[in-house]
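Enquirer: I have a structure I would like to understand better, so I am pasting it below and will then ask my questions one at a time.
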There are 2 protein chains.
Amino acid sequence: MVNKENKNTTEERILESARQIFQVKGLQGARMQEIADKAGINKAMLHYYYRSKELLFEAVFEEAANRIFPKIVEFLNTDYPLFEKIERFVDYYLTTLLENKYMPAFVLNELNQNPERLVKLMSDRGIFKQEKFIEQINNAIKDELIIHIDPRQLITNIISMSIFPFAGRPILMGLFKLDEESYYQFIESRKKEVPKFIINAIKVK
Amino acid sequence: MVNKENKNTTEERILESARQIFQVKGLQGARMQEIADKAGINKAMLHYYYRSKELLFEAVFEEAANRIFPKIVEFLNTDYPLFEKIERFVDYYLTTLLENKYMPAFVLNELNQNPERLVKLMSDRGIFKQEKFIEQINNAIKDELIIHIDPRQLITNIISMSIFPFAGRPILMGLFKLDEESYYQFIESRKKEVPKFIINAIKVK
DNA sequence: GTCTATATAACGATAGAC
DNA sequence: GTCTATCGTTATATAGAC
C-alpha cells in the first residue's frame with residue numbers, strides 16, 4: 001500500500017508494522033510487542049535490526065516527515081504562476097494526505113512534544129526555503145494581481161486549510177455526521193473548493 | 001492563570017498540575033510522579049483523589065474539550081449578521097487559544113487516538129448543533145450576499161484557519177523563524193487578517 | 001488527609017542456544 | 001538471522017502507619 005518498493009524482508013516488514021502502530025498510537029503509546037506481533041516476528045528482532053524503540057521510531061518519523069515537508073518547498077520554488085501554483089499545491093497535498101490520513105496528526109503531535117526534531121529536519125537539507133514564493137506573492141501585490149496581504153498569513157491559510165481537515169478528521173466526521181465514504185467525498189470536493197476560496201480571497205477584481 | 005476559582009485545595013492543585021503535564025506530554029507520556037512533584041504532594045494522593053491515571057486524565061481532557069467545543073455551538077447559534085459572526089468567532093478563538101496554546105494539539109491528538117471520547121462529548125449535551133448557522137449561510141447565498149458555497153466547506157475553512165496555527169505552532173515558528181514574542185504578534189494580526197480573508201472569499205461584490 | 005513502603009505488572013532490552 | 005527465556009527498570013497502584 002504505502003510502500004511500493006516493499007521487498008518483504010524482515011527489516012522492511014518491521015518498518016511497515018512500526019509505521020502503522022506508531023502513526024496511530026505515537027511514540028509513548030506504541031508497544032514493541034504489538035509491532036512485533038503485527039510483523040509476525042519476535043520482539044528480539046526489533047532490537048536486532050533497529051537497536052532501540054527510539055531509533056525505530058525515528059526511522060518511521062523521518063520517513064513520514066520527509067514525505068510532507070520537502071515537497072512543500074519544492075512546490076513553493078517552482079515557476080508556475082501564483083494561482084496555478086496554489087491550485088496544484090492544494091490538490092497535491094489533499095491527494096497525498098488522503099492516502100496517509102493519520103500522518104498529519106502524527107507529525108503535528110510529535111513536533112509539539114519534541115520540537116527539536118524540527119531543528120534536525122531543517123538542518124538536514126535546505127528545507128523551508130520560502131523566499132521565492134514570498135517574492136512571488138509580493139510581486140503579485142505590486143502588479144495588482146492580488147490584494148495587499150502578508151505573505152506569511154497567506155501561506156499559513158493555505159497550509160491550514162490543507163492539513164487541518166486531516167488532523168481534525170474525527171471532529172469533522174462528528175460535526176457533519178460523515179462516515180468514511182462521505183468524509184472521502186468531502187475532502188475530494190475540497191480539491192476544487194479550497195483553491196477557489198483562496199483565489200477569491202486575494203484576487204483583485 | 002487558567003483557573004480563576006482556584007481554591008488551592010490539594011484536589012485542585014493536583015488537577016492544575018495534571019493539566020500542565022498532560023497537555024504537553026499526553027496520556028501515555030505523562031508520569032504520575034511528575035504530576036505529584038509539580039503539585040508538591042505525594043504520589044499516593046493522586047490515587048486518593050482520582051483513583052487512577054485514566055480518571056485523572058479524563059478530568060483534564062473533558063475540562064479542556066468543554067472549553068473549546070460548547071462555545072463553538074453557542075457562537076454559531078447567535079443572532080449576529082453573518083460577517084459580524086465570523087469576525088467575532090475568529091477573534092474569540094484566537095484569543096482563547098493564545099492563552100492555552102497547547103490545548104489544540106492536545107485535544108486533536110487525543111481525539112485521534114481515542115475517537116470514542118468525541119461520541120461521549122457529543123452525547124453529553126446538545127453539542128454540535130450547526131443547523132442554524134448552516135441555514136444562515138444558505139440564506140446569505142439566496143440573498144446574493146455571498147457566493148454559492150457548501151456551508152460545511154466554509155465552516156471547515158473557518159475552523160482550520162483558527163485552530164491550525166496553534167496545533168502547528170512549532171512548524172510555523174520554524175518556517176517563519178519566529179520566537180515566542182513574534183509568534184504572539186503573528187497570531188494577533190490574524191484576528192483581523194483571517195476574517196478579512198474569509199469575507200473577501202465569499203462576499204458578492 | 002497525608003505520608004512511606006511495597007506490591008504487582010508491564011515494558012524495553014539482552015543473553016545465549018540453534 | 002531467528003528464536004526462547006530472562007534481566008533490570010520503571011510505571012501504576014495499594015497497604016497500612018500516623
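Every chain in the C-alpha cells has a letter given in the order shown (A, B, ...), and although residue numbers restart at 1 in each chain, ligands are simply numbered from 1 in the order shown.
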With only C-alpha atoms (C1' of nucleotides) considered, list every residue of chain C at most 9 Å from chain B, as an mmCIF file with N, CA, C and O atoms (P, O5', C5', C4', C3', O3' and C1' of nucleotides), in the first residue's frame.
Expert:
data_model
loop_
_atom_site.group_PDB
_atom_site.id
_atom_site.type_symbol
_atom_site.label_atom_id
_atom_site.label_comp_id
_atom_site.auth_asym_id
_atom_site.auth_seq_id
_atom_site.Cartn_x
_atom_site.Cartn_y
_atom_site.Cartn_z
ATOM 1 P P DG C 1 -11.060 15.195 52.657
ATOM 2 O "O5'" DG C 1 -9.610 15.464 53.135
ATOM 3 C "C5'" DG C 1 -8.829 14.464 53.869
ATOM 4 C "C4'" DG C 1 -7.511 15.121 54.202
ATOM 5 C "C3'" DG C 1 -6.537 15.099 53.028
ATOM 6 O "O3'" DG C 1 -5.551 16.108 53.310
ATOM 7 C "C1'" DG C 1 -5.834 13.531 54.652
ATOM 8 P P DT C 2 -4.450 16.500 52.150
ATOM 9 O "O5'" DT C 2 -3.197 15.603 52.520
ATOM 10 C "C5'" DT C 2 -2.409 15.949 53.657
ATOM 11 C "C4'" DT C 2 -1.392 14.867 53.949
ATOM 12 C "C3'" DT C 2 -0.532 14.454 52.743
ATOM 13 O "O3'" DT C 2 0.784 14.978 52.910
ATOM 14 C "C1'" DT C 2 -1.168 12.595 54.106
ATOM 15 P P DC C 3 1.894 14.699 51.770
ATOM 16 O "O5'" DC C 3 2.618 13.380 52.315
ATOM 17 C "C5'" DC C 3 3.518 13.488 53.413
ATOM 18 C "C4'" DC C 3 3.766 12.120 54.033
ATOM 19 C "C3'" DC C 3 4.594 11.171 53.187
ATOM 20 O "O3'" DC C 3 5.986 11.373 53.448
ATOM 21 C "C1'" DC C 3 2.751 10.042 54.238
#
Enquirer: Taking only C-alpha atoms (C1' of nucleotides) into account, report as a PDB file with all heavy atoms, in the first residue's frame which residues of chain D lie within 9 Å of chain A.
Expert:
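What ended up in part_12.pdb:
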ATOM      1  P    DG D   1      21.419 -10.472   8.435  1.00  0.00           P
ATOM      2  OP1  DG D   1      20.566  -9.405   8.157  1.00  0.00           O
ATOM      3  OP2  DG D   1      22.730 -10.531   9.004  1.00  0.00           O
ATOM      4  O5'  DG D   1      20.591 -11.655   9.183  1.00  0.00           O
ATOM      5  C5'  DG D   1      20.224 -12.711   8.336  1.00  0.00           C
ATOM      6  C4'  DG D   1      19.180 -13.596   8.986  1.00  0.00           C
ATOM      7  O4'  DG D   1      19.801 -14.502   9.957  1.00  0.00           O
ATOM      8  C3'  DG D   1      18.048 -12.929   9.745  1.00  0.00           C
ATOM      9  O3'  DG D   1      16.878 -13.656   9.399  1.00  0.00           O
ATOM     10  C2'  DG D   1      18.386 -13.127  11.227  1.00  0.00           C
ATOM     11  C1'  DG D   1      19.131 -14.433  11.196  1.00  0.00           C
ATOM     12  N9   DG D   1      20.177 -14.577  12.229  1.00  0.00           N
ATOM     13  C8   DG D   1      21.209 -13.727  12.516  1.00  0.00           C
ATOM     14  N7   DG D   1      21.982 -14.165  13.475  1.00  0.00           N
ATOM     15  C5   DG D   1      21.408 -15.380  13.850  1.00  0.00           C
ATOM     16  C6   DG D   1      21.796 -16.321  14.848  1.00  0.00           C
ATOM     17  O6   DG D   1      22.760 -16.255  15.629  1.00  0.00           O
ATOM     18  N1   DG D   1      20.939 -17.421  14.887  1.00  0.00           N
ATOM     19  C2   DG D   1      19.851 -17.589  14.058  1.00  0.00           C
ATOM     20  N2   DG D   1      19.129 -18.723  14.230  1.00  0.00           N
ATOM     21  N3   DG D   1      19.479 -16.724  13.118  1.00  0.00           N
ATOM     22  C4   DG D   1      20.305 -15.641  13.083  1.00  0.00           C
ATOM     23  P    DT D   2      15.438 -13.153   9.852  1.00  0.00           P
ATOM     24  OP1  DT D   2      14.493 -13.604   8.793  1.00  0.00           O
ATOM     25  OP2  DT D   2      15.525 -11.739  10.208  1.00  0.00           O
ATOM     26  O5'  DT D   2      15.106 -13.996  11.156  1.00  0.00           O
ATOM     27  C5'  DT D   2      14.814 -15.380  11.008  1.00  0.00           C
ATOM     28  C4'  DT D   2      14.725 -16.039  12.376  1.00  0.00           C
ATOM     29  O4'  DT D   2      16.008 -15.977  13.039  1.00  0.00           O
ATOM     30  C3'  DT D   2      13.752 -15.375  13.355  1.00  0.00           C
ATOM     31  O3'  DT D   2      12.588 -16.173  13.477  1.00  0.00           O
ATOM     32  C2'  DT D   2      14.525 -15.273  14.672  1.00  0.00           C
ATOM     33  C1'  DT D   2      15.762 -16.119  14.418  1.00  0.00           C
ATOM     34  N1   DT D   2      16.978 -15.667  15.155  1.00  0.00           N
ATOM     35  C2   DT D   2      17.519 -16.496  16.099  1.00  0.00           C
ATOM     36  O2   DT D   2      17.063 -17.588  16.379  1.00  0.00           O
ATOM     37  N3   DT D   2      18.635 -15.999  16.744  1.00  0.00           N
ATOM     38  C4   DT D   2      19.239 -14.771  16.520  1.00  0.00           C
ATOM     39  O4   DT D   2      20.232 -14.438  17.163  1.00  0.00           O
ATOM     40  C5   DT D   2      18.616 -13.947  15.521  1.00  0.00           C
ATOM     41  C7   DT D   2      19.184 -12.605  15.207  1.00  0.00           C
ATOM     42  C6   DT D   2      17.524 -14.429  14.886  1.00  0.00           C
ATOM     43  P    DC D   3      11.410 -15.693  14.452  1.00  0.00           P
ATOM     44  OP1  DC D   3      10.160 -16.268  13.915  1.00  0.00           O
ATOM     45  OP2  DC D   3      11.528 -14.241  14.648  1.00  0.00           O
ATOM     46  O5'  DC D   3      11.751 -16.423  15.839  1.00  0.00           O
ATOM     47  C5'  DC D   3      11.599 -17.829  15.930  1.00  0.00           C
ATOM     48  C4'  DC D   3      12.337 -18.357  17.157  1.00  0.00           C
ATOM     49  O4'  DC D   3      13.680 -17.826  17.163  1.00  0.00           O
ATOM     50  C3'  DC D   3      11.761 -17.920  18.486  1.00  0.00           C
ATOM     51  O3'  DC D   3      10.738 -18.827  18.893  1.00  0.00           O
ATOM     52  C2'  DC D   3      12.968 -17.994  19.414  1.00  0.00           C
ATOM     53  C1'  DC D   3      14.172 -17.860  18.490  1.00  0.00           C
ATOM     54  N1   DC D   3      14.971 -16.616  18.720  1.00  0.00           N
ATOM     55  C2   DC D   3      16.068 -16.657  19.589  1.00  0.00           C
ATOM     56  O2   DC D   3      16.331 -17.731  20.159  1.00  0.00           O
ATOM     57  N3   DC D   3      16.801 -15.543  19.807  1.00  0.00           N
ATOM     58  C4   DC D   3      16.471 -14.408  19.175  1.00  0.00           C
ATOM     59  N4   DC D   3      17.237 -13.337  19.405  1.00  0.00           N
ATOM     60  C5   DC D   3      15.348 -14.338  18.281  1.00  0.00           C
ATOM     61  C6   DC D   3      14.633 -15.444  18.091  1.00  0.00           C
TER      62       DC D   3
END
Enquirer: Find the distance between atom CA of Glu144 of chain A and atom CA of Lys196 of chain B and write it in Å to one decimal.
Expert: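 Separation between atom CA of Glu144 of chain A and atom CA of Lys196 of chain B: 17.8 Å.
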Enquirer: Just asking: which residues within segment 16-150 of chain B are alpha helix (DSSP H) according to DSSP, as a ChimeraX atom specification?
Expert: /B:16-29,32-39,43-50,53-76,82-98,103-113,116-124,131-142
Enquirer: Given only C-alpha atoms as the basis, pick out the residue of B:Gly29, B:Met173, B:Thr96, B:Leu154 nearest to chain A.
Expert: B:Gly29
Enquirer: Do you have, as CSV, the list of residues of chain B lying at most 8 Å from chain A, each with its nearest atom pair and that distance in Å to one decimal, counting only C-alpha atoms and ordered by chain then number?
Expert:
residue,atom,partner,partner_atom,distance
B:Val24,CA,A:Gln113,CA,6.5
B:Lys25,CA,A:Gln113,CA,6.3
B:Gln28,CA,A:Gly29,CA,5.5
B:Gly29,CA,A:Gln28,CA,5.6
B:Ala105,CA,A:Asn109,CA,6.4
B:Phe106,CA,A:Asn109,CA,7.9
B:Leu108,CA,A:Gly168,CA,6.2
B:Asn109,CA,A:Ala105,CA,6.3
B:Leu111,CA,A:Pro170,CA,6.6
B:Asn112,CA,A:Pro170,CA,6.5
B:Gln113,CA,A:Lys25,CA,6.3
B:Pro115,CA,A:Pro170,CA,6.3
B:Leu118,CA,A:Gly174,CA,7.4
B:Val119,CA,A:Gly174,CA,7.7
B:Phe128,CA,A:Leu175,CA,5.8
B:Arg152,CA,A:Phe176,CA,7.4
B:Gln153,CA,A:Arg190,CA,7.4
B:Thr156,CA,A:Pro165,CA,7.3
B:Asn157,CA,A:Met161,CA,5.8
B:Ser160,CA,A:Phe164,CA,5.4
B:Met161,CA,A:Ser160,CA,5.4
B:Ile163,CA,A:Phe164,CA,8.0
B:Phe164,CA,A:Ser160,CA,5.4
B:Pro165,CA,A:Ser160,CA,7.1
B:Ala167,CA,A:Leu108,CA,6.7
B:Gly168,CA,A:Leu108,CA,6.1
B:Arg169,CA,A:Asn112,CA,7.7
B:Pro170,CA,A:Pro115,CA,6.3
B:Ile171,CA,A:Leu118,CA,7.5
B:Leu172,CA,A:Thr156,CA,7.7
B:Gly174,CA,A:Leu118,CA,7.4
B:Leu175,CA,A:Phe128,CA,5.9
B:Phe176,CA,A:Arg152,CA,7.4
B:Arg190,CA,A:Gln153,CA,7.4
B:Glu193,CA,A:Gln153,CA,7.7
B:Phe197,CA,A:Ala201,CA,5.4
B:Ile198,CA,A:Ala201,CA,6.6
B:Ile199,CA,A:Ala201,CA,7.5
B:Asn200,CA,A:Ala201,CA,4.6
B:Ala201,CA,A:Ala201,CA,3.8
B:Ile202,CA,A:Asn200,CA,7.3
Enquirer: So the first atom is atom CA of Ile14 of chain A and the second is atom C1' of DG12 of chain C; what is the distance between them in Å, to one decimal place?
Expert: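 Distance reported for this atom pair: 16.4 Å.
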Enquirer: Taking only C-alpha atoms into account, name the residue in A:His148, A:Arg88, A:Lys101, A:Lys132 that is nearest to Lys192 of chain A.
Expert: A:Arg88
Enquirer: Within 12 Å of DA15 of chain D, counting only C-alpha atoms (C1' of nucleotides), which residues show up once you throw out same-chain ones fewer than 3 positions away? Write them as a compact mmCIF listing (two decimals) with C-alpha atoms (C1' of nucleotides), in the first residue's frame, please.
Expert:
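Below you can see out-v6.txt, which holds the result:
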# COMPACT_ATOMS: atom_id res chain seq x y z
CA ALA B 44 -0.43 8.28 46.70
C1' DT C 4 6.37 5.78 53.47
C1' DA C 5 6.98 1.47 51.90
C1' DT C 6 5.85 -2.03 48.90
C1' DA C 7 3.20 -4.95 45.79
Enquirer: Report, in Å with one decimal, the straight-line distance from atom CA of Ala36 of chain B to atom CA of Asn100 of chain B.
Expert: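 Spanning atom CA of Ala36 of chain B to atom CA of Asn100 of chain B is a straight-line distance of 21.9 Å.
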Enquirer: Name all residues at most 9 Å from Glu34 of chain A (count only C-alpha atoms (C1' of nucleotides); drop same-chain ones fewer than 6 positions away) and give them as a PyMOL selection string.
Expert: chain A and resi 17-18+21+43
Enquirer: Give me the residues within 9 Å of segment 5-11 of chain D as a count of residues only, counting only C-alpha atoms (C1' of nucleotides) and dropping any in the same chain fewer than 5 places off.
Expert: 9
